[in-house]
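Working notes, beginning with the structure itself.
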Amino acid sequence: VKVLDKGFVELIQSMADDLIVVNSARVSFNKSSAALELKDKKLIKFLMENHHETPFEHCVFTFRIKCPIFVAREWFRHRIGSFNEWSGRYSVLEDEFYIPDKSAVRTQVGKPGAYTFLPWEDPASPPEAFQEALVAHCEASYDLYQYWLDKGVAKELTRIFLPVNIYTQFYWTVNARSLMNFIKLRNAPDALLEIREYAKIVEALFEQAMPITYEAYVSCNK
Ligand SMILES: Cc1cc2nc3c(=O)[nH]c(=O)nc-3n(C[C@H](O)[C@H](O)[C@H](O)COP(=O)(O)OP(=O)(O)OC[C@H]3O[C@@H](n4cnc5c(N)ncnc54)[C@H](O)[C@@H]3O)c2cc1C
């Protein structure tokens, strides 16, 4: 699924459905269900409402993500999960940079922790000027990167010419419990707009795989 101007979220694999949650909870009583029944749906809601969240850990998703480095940096703060990222030490990074849409050029008002973001409107320096300046900056940075790479300076050092809106890619394997925590924090009004775009897609894929768990998650969190 495409995200931002050049990014994506790809679900590589999942081992996740509502029945796994139910049966990992029912093992407490040495019981299991062959198919999801009404009592199982109630059990999932009970688990969610009462923060008995370990049964959700048996469901696992692996995603491939392409996003700007400043988004990845926030993403990697989520410690309960596994990451492997494209290495700028071992390979040359491509000249793909996130250029925000005009509507995403914004200003922040208010206090830290309670910012409101409003469209950037200044006739003297309109959003188009911001975009143009950013494109020029990315091109100049990438030229310097290539220049010093060609001279023979190591990739691991030369990359410091590159801005944080350059695209990276990584694998992310995460269980449903941690995924819900990610969605709660990152598909939220106070989250960075760009990570929120990714969290929305991750949330939709989670809903597809585990609809009953998702319903319980929504009723407890939204
Ligand atoms: C709007 C927003 C603003 C933010 N601003 C900042 C900021 O200014 N500076 C900054 O540094 N970070 C900031 N963060 C990042 C934030 O502090 C968390 O690092 C990030 O959201 C990951 O959340 P988490 O710890 O719940 O997730 P995970 O790391 O995936 O952890 C999941 C859960 O596991 C448990 N857990 C994990 N590790 C430990 C541990 N060591 N000890 C005890 N329990 C643990 C906790 O219950 C935790 O909720 C911000 C996040 C958001 C959403």
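Just remember, in the structure tokens the first chain shown is A, the second B, etc., residues are 1-based per chain, and ligands are 1-based in the order shown.
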inquiry  = I'd like the neighbourhood of region 54-68 of chain A as a PyMOL selection string, where a residue qualifies if any of its atoms comes within 7 Å (using only C-alpha atoms), though same-chain residues fewer than 2 positions away should be ignored.
reply    = chain A and resi 7-17+20-21+24-25+52+70-72+98+164-177
Can you write just those residues out, N, CA, C and O atoms, as a tab-separated table (two decimals), in the first residue's frame?
```tsv
chain	number	residue	atom	x	y	z
A	7	GLY	N	6.68	6.18	-0.37
A	7	GLY	CA	6.79	5.08	0.60
A	7	GLY	C	5.74	4.01	0.41
A	7	GLY	O	4.87	4.11	-0.45
A	8	PHE	N	5.85	2.97	1.22
A	8	PHE	CA	4.83	1.92	1.21
A	8	PHE	C	4.84	1.14	2.51
A	8	PHE	O	5.81	1.18	3.29
A	9	VAL	N	3.74	0.40	2.72
A	9	VAL	CA	3.65	-0.62	3.75
A	9	VAL	C	3.30	-1.91	3.02
A	9	VAL	O	2.33	-1.95	2.27
A	10	GLU	N	4.11	-2.95	3.21
A	10	GLU	CA	3.82	-4.24	2.61
A	10	GLU	C	3.73	-5.28	3.72
A	10	GLU	O	4.64	-5.39	4.54
A	11	LEU	N	2.62	-6.00	3.74
A	11	LEU	CA	2.51	-7.09	4.72
A	11	LEU	C	3.17	-8.31	4.10
A	11	LEU	O	2.67	-8.88	3.13
A	12	ILE	N	4.31	-8.70	4.64
A	12	ILE	CA	5.08	-9.82	4.07
A	12	ILE	C	4.44	-11.16	4.49
A	12	ILE	O	4.26	-12.05	3.68
A	13	GLN	N	4.13	-11.28	5.78
A	13	GLN	CA	3.49	-12.50	6.26
A	13	GLN	C	2.83	-12.22	7.60
A	13	GLN	O	3.17	-11.26	8.29
A	14	SER	N	1.88	-13.10	7.94
A	14	SER	CA	1.29	-12.98	9.28
A	14	SER	C	0.90	-14.36	9.77
A	14	SER	O	0.58	-15.25	8.98
A	15	MET	N	0.96	-14.50	11.07
A	15	MET	CA	0.45	-15.70	11.73
A	15	MET	C	-0.49	-15.11	12.79
A	15	MET	O	-0.10	-14.85	13.92
A	16	ALA	N	-1.68	-14.79	12.33
A	16	ALA	CA	-2.55	-13.99	13.19
A	16	ALA	C	-4.01	-14.21	12.86
A	16	ALA	O	-4.42	-14.00	11.72
A	17	ASP	N	-4.78	-14.65	13.83
A	17	ASP	CA	-6.24	-14.59	13.72
A	17	ASP	C	-6.83	-14.61	15.13
A	17	ASP	O	-6.13	-14.83	16.12
A	20	ILE	N	-6.47	-17.85	17.51
A	20	ILE	CA	-5.22	-18.08	18.26
A	20	ILE	C	-5.30	-17.40	19.63
A	20	ILE	O	-4.85	-17.93	20.65
A	21	VAL	N	-5.88	-16.20	19.62
A	21	VAL	CA	-6.01	-15.44	20.88
A	21	VAL	C	-6.88	-16.25	21.86
A	21	VAL	O	-6.50	-16.47	23.03
A	24	SER	N	-5.16	-19.55	23.05
A	24	SER	CA	-4.03	-19.35	23.97
A	24	SER	C	-4.54	-18.90	25.35
A	24	SER	O	-3.91	-19.17	26.37
A	25	ALA	N	-5.72	-18.27	25.39
A	25	ALA	CA	-6.32	-17.91	26.69
A	25	ALA	C	-6.98	-19.13	27.32
A	25	ALA	O	-6.86	-19.37	28.52
A	52	HIS	N	-5.69	-8.31	30.08
A	52	HIS	CA	-5.03	-9.63	30.02
A	52	HIS	C	-4.52	-9.77	28.59
A	52	HIS	O	-5.17	-10.37	27.73
A	70	PHE	N	13.32	10.13	9.15
A	70	PHE	CA	12.79	10.78	10.37
A	70	PHE	C	11.54	10.07	10.87
A	70	PHE	O	11.20	10.16	12.06
A	71	VAL	N	10.85	9.34	10.00
A	71	VAL	CA	9.71	8.53	10.43
A	71	VAL	C	10.23	7.23	11.05
A	71	VAL	O	9.78	6.81	12.12
A	72	ALA	N	11.21	6.62	10.38
A	72	ALA	CA	11.78	5.37	10.90
A	72	ALA	C	12.35	5.57	12.30
A	72	ALA	O	12.22	4.70	13.17
A	98	TYR	N	11.56	12.43	0.70
A	98	TYR	CA	10.16	12.80	0.96
A	98	TYR	C	10.00	14.30	0.77
A	98	TYR	O	10.67	15.10	1.44
A	164	VAL	N	17.39	13.97	6.67
A	164	VAL	CA	16.58	12.91	7.30
A	164	VAL	C	15.28	12.61	6.57
A	164	VAL	O	14.53	11.74	6.98
A	165	ASN	N	15.03	13.30	5.46
A	165	ASN	CA	13.83	12.95	4.66
A	165	ASN	C	14.17	11.95	3.56
A	165	ASN	O	13.32	11.64	2.73
A	166	ILE	N	15.42	11.43	3.55
A	166	ILE	CA	15.76	10.39	2.57
A	166	ILE	C	15.02	9.10	2.96
A	166	ILE	O	14.81	8.83	4.14
A	167	TYR	N	14.60	8.33	1.95
A	167	TYR	CA	13.84	7.11	2.23
A	167	TYR	C	14.76	5.96	2.63
A	167	TYR	O	15.86	5.79	2.10
A	168	THR	N	14.28	5.20	3.60
A	168	THR	CA	14.94	3.97	4.01
A	168	THR	C	13.92	2.83	3.89
A	168	THR	O	12.73	3.08	3.62
A	169	GLN	N	14.37	1.61	4.08
A	169	GLN	CA	13.45	0.47	4.11
A	169	GLN	C	13.84	-0.44	5.25
A	169	GLN	O	15.03	-0.57	5.57
A	170	PHE	N	12.84	-1.07	5.85
A	170	PHE	CA	13.14	-2.03	6.92
A	170	PHE	C	12.06	-3.09	7.04
A	170	PHE	O	10.93	-2.89	6.55
A	171	TYR	N	12.45	-4.20	7.64
A	171	TYR	CA	11.50	-5.25	8.02
A	171	TYR	C	11.13	-5.01	9.47
A	171	TYR	O	11.99	-4.67	10.29
A	172	TRP	N	9.86	-5.22	9.77
A	172	TRP	CA	9.38	-5.06	11.15
A	172	TRP	C	8.50	-6.25	11.48
A	172	TRP	O	7.50	-6.48	10.81
A	173	THR	N	8.93	-7.02	12.46
A	173	THR	CA	8.11	-8.13	12.94
A	173	THR	C	7.61	-7.78	14.33
A	173	THR	O	8.40	-7.39	15.19
A	174	VAL	N	6.30	-7.90	14.50
A	174	VAL	CA	5.70	-7.37	15.72
A	174	VAL	C	4.49	-8.23	16.10
A	174	VAL	O	3.78	-8.73	15.23
A	175	ASN	N	4.31	-8.44	17.40
A	175	ASN	CA	3.11	-9.19	17.81
A	175	ASN	C	1.92	-8.24	17.96
A	175	ASN	O	2.08	-7.01	18.02
A	176	ALA	N	0.73	-8.84	18.02
A	176	ALA	CA	-0.49	-8.01	17.99
A	176	ALA	C	-0.60	-7.09	19.21
A	176	ALA	O	-1.15	-5.99	19.11
A	177	ARG	N	-0.07	-7.52	20.33
A	177	ARG	CA	-0.15	-6.66	21.52
A	177	ARG	C	0.66	-5.38	21.30
A	177	ARG	O	0.20	-4.27	21.56
```
Residues within 6 Å of ligand 1 should be enumerated using only C-alpha atoms and all ligand atoms and returned as a tab-separated table (two decimals) with N, CA, C and O atoms, in the first residue's frame.
```
chain	number	residue	atom	x	y	z
A	77	ARG	N	11.58	3.47	18.02
A	77	ARG	CA	11.45	3.63	19.47
A	77	ARG	C	10.55	2.54	20.07
A	77	ARG	O	10.54	2.35	21.28
A	78	HIS	N	9.82	1.85	19.21
A	78	HIS	CA	8.92	0.79	19.68
A	78	HIS	C	9.75	-0.48	19.87
A	78	HIS	O	10.00	-1.23	18.92
A	79	ARG	N	10.18	-0.71	21.11
A	79	ARG	CA	11.19	-1.73	21.40
A	79	ARG	C	10.66	-3.13	21.31
A	79	ARG	O	11.44	-4.06	21.13
A	80	ILE	N	9.35	-3.32	21.49
A	80	ILE	CA	8.82	-4.68	21.46
A	80	ILE	C	8.49	-5.02	20.02
A	80	ILE	O	7.37	-4.79	19.52
A	178	SER	N	1.88	-5.57	20.81
A	178	SER	CA	2.74	-4.42	20.58
A	178	SER	C	2.23	-3.58	19.40
A	178	SER	O	2.35	-2.35	19.39
A	185	LEU	N	-0.58	4.81	19.81
A	185	LEU	CA	0.29	5.99	19.95
A	185	LEU	C	0.51	6.73	18.64
A	185	LEU	O	0.70	7.95	18.64
A	186	ARG	N	0.53	5.98	17.54
A	186	ARG	CA	0.96	6.61	16.27
A	186	ARG	C	-0.18	6.91	15.30
A	186	ARG	O	0.03	7.68	14.37
A	190	ASP	N	-2.13	13.48	18.17
A	190	ASP	CA	-0.89	14.18	18.54
A	190	ASP	C	0.36	13.57	17.92
A	190	ASP	O	1.47	14.03	18.16
A	191	ALA	N	0.20	12.52	17.11
A	191	ALA	CA	1.37	11.88	16.49
A	191	ALA	C	1.83	12.69	15.28
A	191	ALA	O	1.05	13.44	14.68
```
request  = Taking the DSSP assignment computed from this structure's backbone, write out as an NGL selection string all residues of region 7-155 of chain A that belong to strand (DSSP E).
outcome  = :A and (7-15 or 60-68 or 82-85 or 106-109 or 116-119)
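With only C-alpha atoms as the basis for measurement, A:Pro189 is the residue among A:Glu74, A:Leu38, A:Tyr214, A:Pro189 that approaches Ala114 (chain A) most closely.
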inquiry  = Would you pick out the contacts of Asp18 (chain A) at 7 Å or less, using only C-alpha atoms, so that residues sharing its chain but fewer than 3 positions from it are not included, and give the list as a VMD selection string?
reply    = chain A and resid 21 to 22 210 212 to 213
request  = List every residue of region 21-198 of chain A that DSSP, applied to the backbone of this structure, assigns to helix (DSSP H, G or I), and report them as a VMD selection string.
outcome  = chain A and resid 21 to 29 38 to 49 54 to 58 69 to 75 102 to 104 127 to 151 155 to 161 176 to 186 193 to 198
